[in-house]
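Here the structure comes first, spelled out in structure tokens, and everything after it is commentary.
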Amino acid sequence: MSTFTSDQSGRAGLLNAGPLGTGAPAEMPAATSQHRQLTVMFADLVGSTALLEEYGPETFSDLLRTYHNLCTEATREQNGTVANYLGDGVISYFGYPRGMEDDPLRAVQAAWTILHNLMQANGGGLGRVALAARIGIATGHVIIQQKPDDHYGENVVGACLNKAARLQTIATANTAIVCAATRKLVGKAFEFEDLGLQALKGFEQQEAVFKVRPRRRKGLSRFEALRGERRMPLIGRDDELATLRAMMERAYAGTGSAAVLVGEPGIGKSRLVDALRHDEAQEGVRYLALQCSPAHQYSSLYPVKDYLDWVSGVHTDDPREVRRDKLRRLFQSAWQTNEEQTAVLMDVIAARGPEQEADADIGMLMKRLMAFQILSKKVFSTGVPGKALFLVFEDVHWIDPTSAEFLENLVRNAAEHPCVVLATTRSEGPFADRLDALGRVIRLERLSDAQSVQLAKAAGRAVELDDRTLAAIIEKSDGVPLFVEEYAAMLAESAGGRHRIGSGGELHTIPLTLGALVQNKLDGLNPSAQEVARIGAAVGRVFDLQLVRALSQLANETFDKALDVLESADIAHRGTGLGASDEASFKHALVRDAVYGSLGTAERRRLHGMVAEAMLSKHEGRRIVPEVLAEHLLAADRKAESARWRLAAAMEAAGGGGAAEALAHITHGLAAIESLPEGDERDSLELQLRAIQGPTLMVTRGPGSPAFGAAQARALELLRTQQMPENLIPVIYNTALHAWACGRLGDADRATDEIFEILEAEPSDDAYLAAHTMRGLVAWHRGDNETALEHLTATVERYDPTLHRGLYMRFLKEFGVFGRFYLGLTHAVMGNEPEAARHAAAALEIARLVKRPHAYGFGLLANFLTAMMRDDVPAAARFGEESIEFARRQGFPEFMAMSMVCLGWVSARRGDLEAGIPQMEEGAALWARTGFENWQAFFAALLSEFYIAAGRLSEARALLDRHDERITAFGEFQFRPLLARARASLHSAQ
């Protein structure tokens, strides 16, 4: 982490949350999916076919041009975007590419302008021709597949598009029809006629629709957008607070529990946590808070590491080794960890960075689980009977996968400790569909009108708010505490606040969203304070004062005064991070988003570019969080650089044991380069990203995974066009490995031929080991044991664990282990059982020596498979049990599947067919789901013997028939004798 590593995206991201509250970014990287709220207007020319027939093509073309111009002018007057001209129809968007707080209102105003101008044109410029329009308007959520330079929303998917089109079909000439959502958001700015429920083609449920009437009076819309919590009196949360207090009382008595607060932004989740924390009854409670971040959703264990950095005194500008020293001191001196525990924690919490091995995400998985145990013990040890622990995970909708796993571990064990584990989240995120995994679910609802009045009076205590003002505030805030307070506070801050209420009870000058409220505050600041706020918003929710000071180019005195102004305006405050006095933080994540939303696209790019340059210029000797820098570069439209730092982030995540995080970074990096022009730079970047993506997918999902195959195919395609021979062999090898796993033995052999050709032209150990290993294992599955013996022996004799250690980083394959694994199998099927056992044992010893978990898994497989082949049930049971526990900890699906088959076989061989057969069936099914075609005939041969023993002859016959066909189709003849033996047993039983 460098000096400048505050949340680039802020705590809440670029919210564009309307009624559906998605929290989707307002601007997304090019060539990525973007979720937005959008208001769509579909304006159709009435009777176009009749007009064409009556006036002919030339005149009709002029009329259509006039109509299009009217629609275009009306749309642009309201800052909308004409998305498309569909013959006699015009589709306009309000809310893309730039969203505003009153998009629905502007859409209705544009529709009214079109109808008004058409009536005027019919009376003058169009002569005797009378044009009429039918207009439909709908507001809803859409997904935009945004491409570079797409300013018109060419690829928008959402029900509101179809709804707008359907609404215009039920409109009569020169009328506009709107959906219920649009009607609600427009409020009282227009009058509407309720047309009741209508059936719209393509929609299952009837829709409430409204016809726009002439405008009644001037006003603003009610548009739900940015929301956030306010630290005001806790109102309307008595039941929820009582529930949490009861949980704390049980924790005092020694029984822990867990819960999750769920609610939309601004509903008061953090306010409720704060109230419990400062409750007099909770005096003496040990409080720990871990904060998730949108900028670090793919930074393994980010909230834990962030907290530990604070506890250990790590500063943002500390070099990596200084951070490691401080953390080591914390673990050893304060936590009293032994050398082994310290080493585990250091590898997981303070990894050395991207210089670690590329596959370390696989090797670190076991250490990560050990670290979880140490961290959990330390966390829970802070609470003792009579002095409970209150542990809060804030904003878990932004939690990274590893932290999510850690949090679930804490929740599962909470009952055994005097604690309350509390998470806060929005309805989206990784726990959206399984909130109960976080404990008791407590949902926060909006305030009632009476509660809103109470909060408004508290927020506006500086002035006496009359009933009309209160009614207007309550009507527009819609029960969201943040809105209630902001409206009331703004009136309280204005000496003439009470005079802003119109005769009709409307707040004419009070903005209708948090974005507009914050903009209103910004407009009242001096230019220096505005500049500091906008630069800070580009940096993130928490921003480094040294960085913002440098970028603002303000004199120190002017800069400090600007900060004073921001604090007075309650926009941002100094030193609100974890004890960091050199940082400032926006009052709420959504306040930051509103400030950021006030920036134009060009200004955003400029500021993000400046931040990135500052980070890069200051990074020597300091830590940079690669994904944060990558986001700044992406926002600055420097996609290639962003992709390179995403690659660095992936390497760092891999080094910390975060396979899911590494894959996420690779995905972001690949998305970033999609819009780059075709050429060597783009291909080179993609190849580097695929080089990490492919092997990681292979290890985490299995070599038969379609995703692994697709990544390898693309990498191979790229390599063919580039002169990069050092990468060619690993890619060809992994391509052959995927073909082998999928049963395409011929394709695997052809790829292996290519490696042998390279070996002959330019001899090397990597080509030698790759070629002979792949040839040997393909030959073994074909049943050509002599060839397998020759090539696998060549691998084993050439392999040196010290000399060839580095090859694992390129192949994610320990050739010594894998070679001995299959050499042991070869001796087993050739009847040489002592040699089979010897090579299997040697495979496990090498795996222990090189300390590669994936290799260790193969060592275990080697031992229980050779034991099964020589019918050594105790040995198979011993290694199978170790293997299934190992696979469960590491998350290796193919090892899990084969271990289940082994243990099912053990149970069945011991006479427990009722337990053994289902376990074998489950393991075989899991194996098939990994994409593996090989080995299925082996499982079928074993399983069919037990079917026969259980009297399930028809099932045995069907299984044997299916796999006889499979081995013929795939050429996997190694298991034909086993199938034949099972067939003979079936005939005998019949």
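Quick note on naming: the chains in the structure tokens go A, B, ... in the order shown, residues restart at 1 in each chain, and ligands are numbered from 1 in order of appearance.
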So which bits of region 202-428 of chain A end up strand (DSSP E or B) when you DSSP the backbone, as a tab-separated table (two decimals) with N, CA and C atoms, in the first residue's frame?
```tsv
chain	number	residue	atom	x	y	z
A	207	GLU	N	-50.21	-3.71	-15.31
A	207	GLU	CA	-49.44	-2.56	-14.87
A	207	GLU	C	-50.35	-1.37	-14.63
A	208	ALA	N	-50.08	-0.63	-13.55
A	208	ALA	CA	-50.78	0.63	-13.32
A	208	ALA	C	-50.17	1.69	-14.24
A	209	VAL	N	-51.02	2.35	-15.02
A	209	VAL	CA	-50.52	3.33	-15.99
A	209	VAL	C	-51.26	4.65	-15.79
A	210	PHE	N	-50.63	5.75	-16.24
A	210	PHE	CA	-51.15	7.08	-16.03
A	210	PHE	C	-50.95	7.92	-17.30
A	211	LYS	N	-51.94	8.75	-17.60
A	211	LYS	CA	-51.85	9.66	-18.73
A	211	LYS	C	-51.45	11.04	-18.22
A	212	VAL	N	-50.48	11.65	-18.93
A	212	VAL	CA	-49.99	12.97	-18.54
A	212	VAL	C	-51.05	14.01	-18.92
A	257	SER	N	-23.54	-15.09	19.93
A	257	SER	CA	-24.50	-15.19	18.82
A	257	SER	C	-24.04	-14.28	17.69
A	258	ALA	N	-24.74	-14.38	16.57
A	258	ALA	CA	-24.39	-13.59	15.39
A	258	ALA	C	-25.66	-13.07	14.75
A	259	ALA	N	-25.55	-11.93	14.09
A	259	ALA	CA	-26.69	-11.34	13.40
A	259	ALA	C	-26.19	-10.50	12.24
A	260	VAL	N	-27.12	-10.15	11.35
A	260	VAL	CA	-26.78	-9.30	10.22
A	260	VAL	C	-27.86	-8.25	10.08
A	261	LEU	N	-27.44	-6.98	10.00
A	261	LEU	CA	-28.35	-5.87	9.74
A	261	LEU	C	-28.43	-5.65	8.24
A	262	VAL	N	-29.64	-5.68	7.71
A	262	VAL	CA	-29.84	-5.58	6.27
A	262	VAL	C	-30.72	-4.36	5.98
A	286	ARG	N	-15.67	-5.00	24.72
A	286	ARG	CA	-14.54	-4.92	23.81
A	286	ARG	C	-15.09	-4.80	22.39
A	287	TYR	N	-14.78	-3.71	21.71
A	287	TYR	CA	-15.36	-3.43	20.39
A	287	TYR	C	-14.30	-3.54	19.30
A	288	LEU	N	-14.59	-4.35	18.29
A	288	LEU	CA	-13.72	-4.46	17.12
A	288	LEU	C	-14.56	-4.23	15.87
A	289	ALA	N	-14.07	-3.40	14.97
A	289	ALA	CA	-14.80	-3.12	13.73
A	289	ALA	C	-13.89	-3.35	12.53
A	290	LEU	N	-14.35	-4.16	11.61
A	290	LEU	CA	-13.62	-4.44	10.38
A	290	LEU	C	-14.44	-3.89	9.21
A	291	GLN	N	-13.82	-3.05	8.41
A	291	GLN	CA	-14.53	-2.32	7.36
A	291	GLN	C	-14.19	-2.86	5.98
A	384	VAL	N	-14.21	-12.20	27.42
A	384	VAL	CA	-14.26	-13.20	28.49
A	384	VAL	C	-15.58	-13.01	29.24
A	387	LYS	N	-17.22	-9.70	30.34
A	387	LYS	CA	-16.68	-8.63	29.48
A	387	LYS	C	-16.73	-9.11	28.04
A	389	LEU	N	-17.38	-9.43	23.84
A	389	LEU	CA	-16.80	-8.88	22.62
A	389	LEU	C	-17.92	-8.48	21.66
A	390	PHE	N	-17.79	-7.30	21.08
A	390	PHE	CA	-18.72	-6.83	20.05
A	390	PHE	C	-17.91	-6.66	18.76
A	391	LEU	N	-18.04	-7.63	17.85
A	391	LEU	CA	-17.28	-7.64	16.61
A	391	LEU	C	-18.20	-7.28	15.45
A	392	VAL	N	-17.84	-6.25	14.71
A	392	VAL	CA	-18.68	-5.76	13.62
A	392	VAL	C	-17.92	-5.85	12.30
A	393	PHE	N	-18.55	-6.49	11.33
A	393	PHE	CA	-18.07	-6.46	9.94
A	393	PHE	C	-18.98	-5.50	9.18
A	394	GLU	N	-18.44	-4.34	8.80
A	394	GLU	CA	-19.24	-3.32	8.13
A	394	GLU	C	-19.23	-3.53	6.61
A	419	CYS	N	-19.62	-13.32	22.91
A	419	CYS	CA	-19.46	-12.32	21.86
A	419	CYS	C	-20.76	-12.12	21.09
A	420	VAL	N	-20.80	-11.03	20.37
A	420	VAL	CA	-21.80	-10.80	19.34
A	420	VAL	C	-21.06	-10.47	18.06
A	421	VAL	N	-21.25	-11.27	17.04
A	421	VAL	CA	-20.66	-11.01	15.72
A	421	VAL	C	-21.77	-10.41	14.86
A	422	LEU	N	-21.60	-9.17	14.46
A	422	LEU	CA	-22.64	-8.45	13.74
A	422	LEU	C	-22.11	-7.98	12.40
A	423	ALA	N	-22.83	-8.30	11.34
A	423	ALA	CA	-22.48	-7.83	10.00
A	423	ALA	C	-23.52	-6.82	9.54
A	424	THR	N	-23.10	-5.86	8.73
A	424	THR	CA	-24.06	-4.94	8.10
A	424	THR	C	-23.92	-5.08	6.60
A	425	THR	N	-25.06	-5.05	5.91
A	425	THR	CA	-25.01	-5.26	4.46
A	425	THR	C	-26.23	-4.67	3.80
```
Could you give me, as JSON lines, every region 802-842 of chain A residue with an atom at most 12 Å from region 696-707 of chain A, plus its closest atom pair and distance in Å to one decimal, counting only C-alpha atoms, rows ordered by chain then number?
```
{"residue": "A:Met809", "atom": "CA", "partner": "A:Thr696", "partner_atom": "CA", "distance": 11.1}
{"residue": "A:Arg810", "atom": "CA", "partner": "A:Thr696", "partner_atom": "CA", "distance": 11.2}
{"residue": "A:Phe811", "atom": "CA", "partner": "A:Met698", "partner_atom": "CA", "distance": 10.4}
{"residue": "A:Leu812", "atom": "CA", "partner": "A:Val699", "partner_atom": "CA", "distance": 7.8}
{"residue": "A:Lys813", "atom": "CA", "partner": "A:Val699", "partner_atom": "CA", "distance": 9.5}
```
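Here CA of Val873 (chain A) stands at a distance of 7.4 Å from CA of Arg909 (chain A).
Between Gln454 (chain A) and the residues A:Ile884, A:Val484, A:Asn556, A:Ser899, the shortest atom-to-atom distance, using only C-alpha atoms, involves A:Val484.
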(message) If DSSP is run on the backbone, what residues of region 691-931 of chain A are alpha helix (DSSP H)? A reply as an NGL selection string would be ideal.
(response) :A and (691-701 or 706-720 or 725-741 or 745-761 or 765-782 or 785-798 or 807-811 or 815-829 or 833-850 or 853-869 or 873-890 or 893-909 or 913-929)
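Closest approach to Ala281 (chain A) from the set A:Asp309, A:Asp765, A:Glu933, A:Glu249 is made by A:Glu249, with distances taken over only C-alpha atoms.
The interatomic distance for the pair CA of Phe821 (chain A) and CA of Ala862 (chain A) works out to 4.9 Å.
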(request) Find the residues near Val539 (chain A): any atom within 12 Å, counting only C-alpha atoms, skip ones fewer than 3 places away on the same chain, and give them as a PyMOL selection string. (result) chain A and resi 3-11+13+295+532-536+542-549+551+583-586+592-593+595-596+604-612+614-615+628-629+631-633+635
(message) Give me the residues near region 840-848 of chain A as JSON, numbers by chain, where near means some atom within 10 Å (using only C-alpha atoms) and where sequence neighbours in that chain fewer than 2 positions away do not count.
(response) {"A": [796, 800, 801, 814, 815, 816, 817, 818, 819, 820, 821, 822, 823, 824, 825, 834, 835, 836, 837, 838, 850, 851, 852, 853, 854, 855, 856, 857, 858, 859, 860, 861, 862, 863, 864, 865, 866, 867]}
Create the file for the chosen residues now, containing C-alpha atoms and written as a PDB file, in the first residue's frame.
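Once everything was written out, this is part.pdb:
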```
ATOM      1  CA  VAL A 796      11.462 -39.842 -13.170  1.00  0.00           C
ATOM      2  CA  ASP A 800      15.653 -33.244  -9.890  1.00  0.00           C
ATOM      3  CA  PRO A 801      13.527 -31.555  -7.170  1.00  0.00           C
ATOM      4  CA  GLU A 814       5.467 -31.017 -10.239  1.00  0.00           C
ATOM      5  CA  PHE A 815       6.783 -33.470 -12.833  1.00  0.00           C
ATOM      6  CA  GLY A 816       8.594 -35.620 -10.278  1.00  0.00           C
ATOM      7  CA  VAL A 817       5.391 -36.235  -8.328  1.00  0.00           C
ATOM      8  CA  PHE A 818       3.134 -36.622 -11.338  1.00  0.00           C
ATOM      9  CA  GLY A 819       5.637 -38.847 -13.131  1.00  0.00           C
ATOM     10  CA  ARG A 820       6.018 -41.187 -10.150  1.00  0.00           C
ATOM     11  CA  PHE A 821       2.237 -41.156  -9.631  1.00  0.00           C
ATOM     12  CA  TYR A 822       1.603 -42.585 -13.093  1.00  0.00           C
ATOM     13  CA  LEU A 823       4.728 -44.737 -13.064  1.00  0.00           C
ATOM     14  CA  GLY A 824       3.368 -46.377  -9.892  1.00  0.00           C
ATOM     15  CA  LEU A 825       0.020 -46.933 -11.641  1.00  0.00           C
ATOM     16  CA  PRO A 834       6.198 -53.657  -4.766  1.00  0.00           C
ATOM     17  CA  GLU A 835       7.413 -51.212  -7.428  1.00  0.00           C
ATOM     18  CA  ALA A 836       3.981 -49.632  -7.587  1.00  0.00           C
ATOM     19  CA  ALA A 837       3.984 -49.023  -3.835  1.00  0.00           C
ATOM     20  CA  ARG A 838       7.565 -47.742  -3.922  1.00  0.00           C
ATOM     21  CA  VAL A 850       8.708 -29.355  -2.483  1.00  0.00           C
ATOM     22  CA  LYS A 851       5.763 -28.265  -0.290  1.00  0.00           C
ATOM     23  CA  ARG A 852       3.245 -27.843  -3.103  1.00  0.00           C
ATOM     24  CA  PRO A 853      -0.286 -28.653  -1.942  1.00  0.00           C
ATOM     25  CA  HIS A 854      -1.413 -29.599  -5.438  1.00  0.00           C
ATOM     26  CA  ALA A 855       1.535 -31.954  -5.738  1.00  0.00           C
ATOM     27  CA  TYR A 856       0.783 -33.332  -2.281  1.00  0.00           C
ATOM     28  CA  GLY A 857      -2.731 -34.153  -3.419  1.00  0.00           C
ATOM     29  CA  PHE A 858      -1.342 -36.152  -6.328  1.00  0.00           C
ATOM     30  CA  GLY A 859       0.950 -37.960  -3.905  1.00  0.00           C
ATOM     31  CA  LEU A 860      -2.058 -39.043  -1.852  1.00  0.00           C
ATOM     32  CA  LEU A 861      -3.932 -40.125  -4.983  1.00  0.00           C
ATOM     33  CA  ALA A 862      -0.942 -42.177  -6.072  1.00  0.00           C
ATOM     34  CA  ASN A 863      -0.974 -44.060  -2.776  1.00  0.00           C
ATOM     35  CA  PHE A 864      -4.669 -44.847  -2.442  1.00  0.00           C
ATOM     36  CA  LEU A 865      -5.118 -45.712  -6.130  1.00  0.00           C
ATOM     37  CA  THR A 866      -2.222 -48.159  -6.153  1.00  0.00           C
ATOM     38  CA  ALA A 867      -3.587 -49.589  -2.881  1.00  0.00           C
TER      39      ALA A 867
END
```
(request) Point out the residue among A:Arg541, A:His781, A:Arg134, A:Arg320 with the least atom-to-atom distance to Trp740 (chain A), counting only C-alpha atoms. (result) A:His781
Distance table requested - region 46-91 of chain A against region 111-119 of chain A, cut-off 12 Å, only C-alpha atoms: one row per qualifying residue with the closest atom pair and its distance in Å to one decimal, ordered by chain and rising residue number, as CSV.
```
residue,atom,partner,partner_atom,distance
A:Val46,CA,A:Leu118,CA,11.7
A:Leu63,CA,A:Leu118,CA,11.4
A:Thr66,CA,A:Leu118,CA,9.7
A:Tyr67,CA,A:Leu118,CA,8.0
A:His68,CA,A:Ile114,CA,10.0
A:Asn69,CA,A:Ile114,CA,9.9
A:Leu70,CA,A:Ile114,CA,6.2
A:Cys71,CA,A:Ile114,CA,5.9
A:Thr72,CA,A:Ile114,CA,9.1
A:Glu73,CA,A:Ile114,CA,8.6
A:Ala74,CA,A:Thr113,CA,6.0
A:Thr75,CA,A:Ala111,CA,8.1
A:Arg76,CA,A:Thr113,CA,11.2
A:Glu77,CA,A:Thr113,CA,9.5
A:Gln78,CA,A:Thr113,CA,9.9
A:Gly80,CA,A:Ala111,CA,11.3
A:Val90,CA,A:Ala111,CA,11.3
A:Ile91,CA,A:Ala111,CA,11.4
```
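Distance-wise, CA of Glu678 (chain A) and CA of Ile758 (chain A) end up 28.8 Å apart.
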(message) Give me, as number ranges by chain, all polymer residues having an atom no more than 8 Å from Glu894 (chain A), counting only C-alpha atoms and skipping those fewer than 2 positions away in the same chain.
(response) A: 701-702, 892, 896-898, 926-927, 930
With N, CA and C atoms retained, could you export that selection as a compact mmCIF listing (two decimals), in the first residue's frame?
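Everything below was put into part05.txt:
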```
# COMPACT_ATOMS: atom_id res chain seq x y z
N ARG A 701 -10.42 -25.59 -10.66
CA ARG A 701 -11.62 -26.21 -11.22
C ARG A 701 -11.35 -27.55 -11.89
N GLY A 702 -10.06 -27.90 -12.03
CA GLY A 702 -9.72 -29.17 -12.64
C GLY A 702 -9.33 -29.01 -14.11
N PHE A 892 -9.90 -28.60 -3.81
CA PHE A 892 -9.58 -29.22 -5.09
C PHE A 892 -10.69 -30.20 -5.45
N MET A 896 -11.23 -34.28 -4.31
CA MET A 896 -12.39 -34.61 -3.47
C MET A 896 -13.19 -35.76 -4.09
N ALA A 897 -13.43 -35.65 -5.40
CA ALA A 897 -14.25 -36.65 -6.08
C ALA A 897 -13.60 -38.04 -6.03
N MET A 898 -12.31 -38.11 -6.34
CA MET A 898 -11.66 -39.41 -6.37
C MET A 898 -11.51 -39.99 -4.96
N LEU A 926 -19.45 -36.17 -9.02
CA LEU A 926 -18.65 -34.96 -8.83
C LEU A 926 -17.48 -34.94 -9.80
N TRP A 927 -16.86 -36.09 -10.02
CA TRP A 927 -15.75 -36.19 -10.96
C TRP A 927 -16.22 -35.78 -12.36
N THR A 930 -16.51 -32.04 -12.99
CA THR A 930 -15.28 -31.27 -13.18
C THR A 930 -14.88 -31.22 -14.65
```
(request) Using only C-alpha atoms, find the one residue out of A:Cys179, A:Asn174, A:Met41, A:Leu86 that sits nearest to Leu161 (chain A). (result) A:Met41
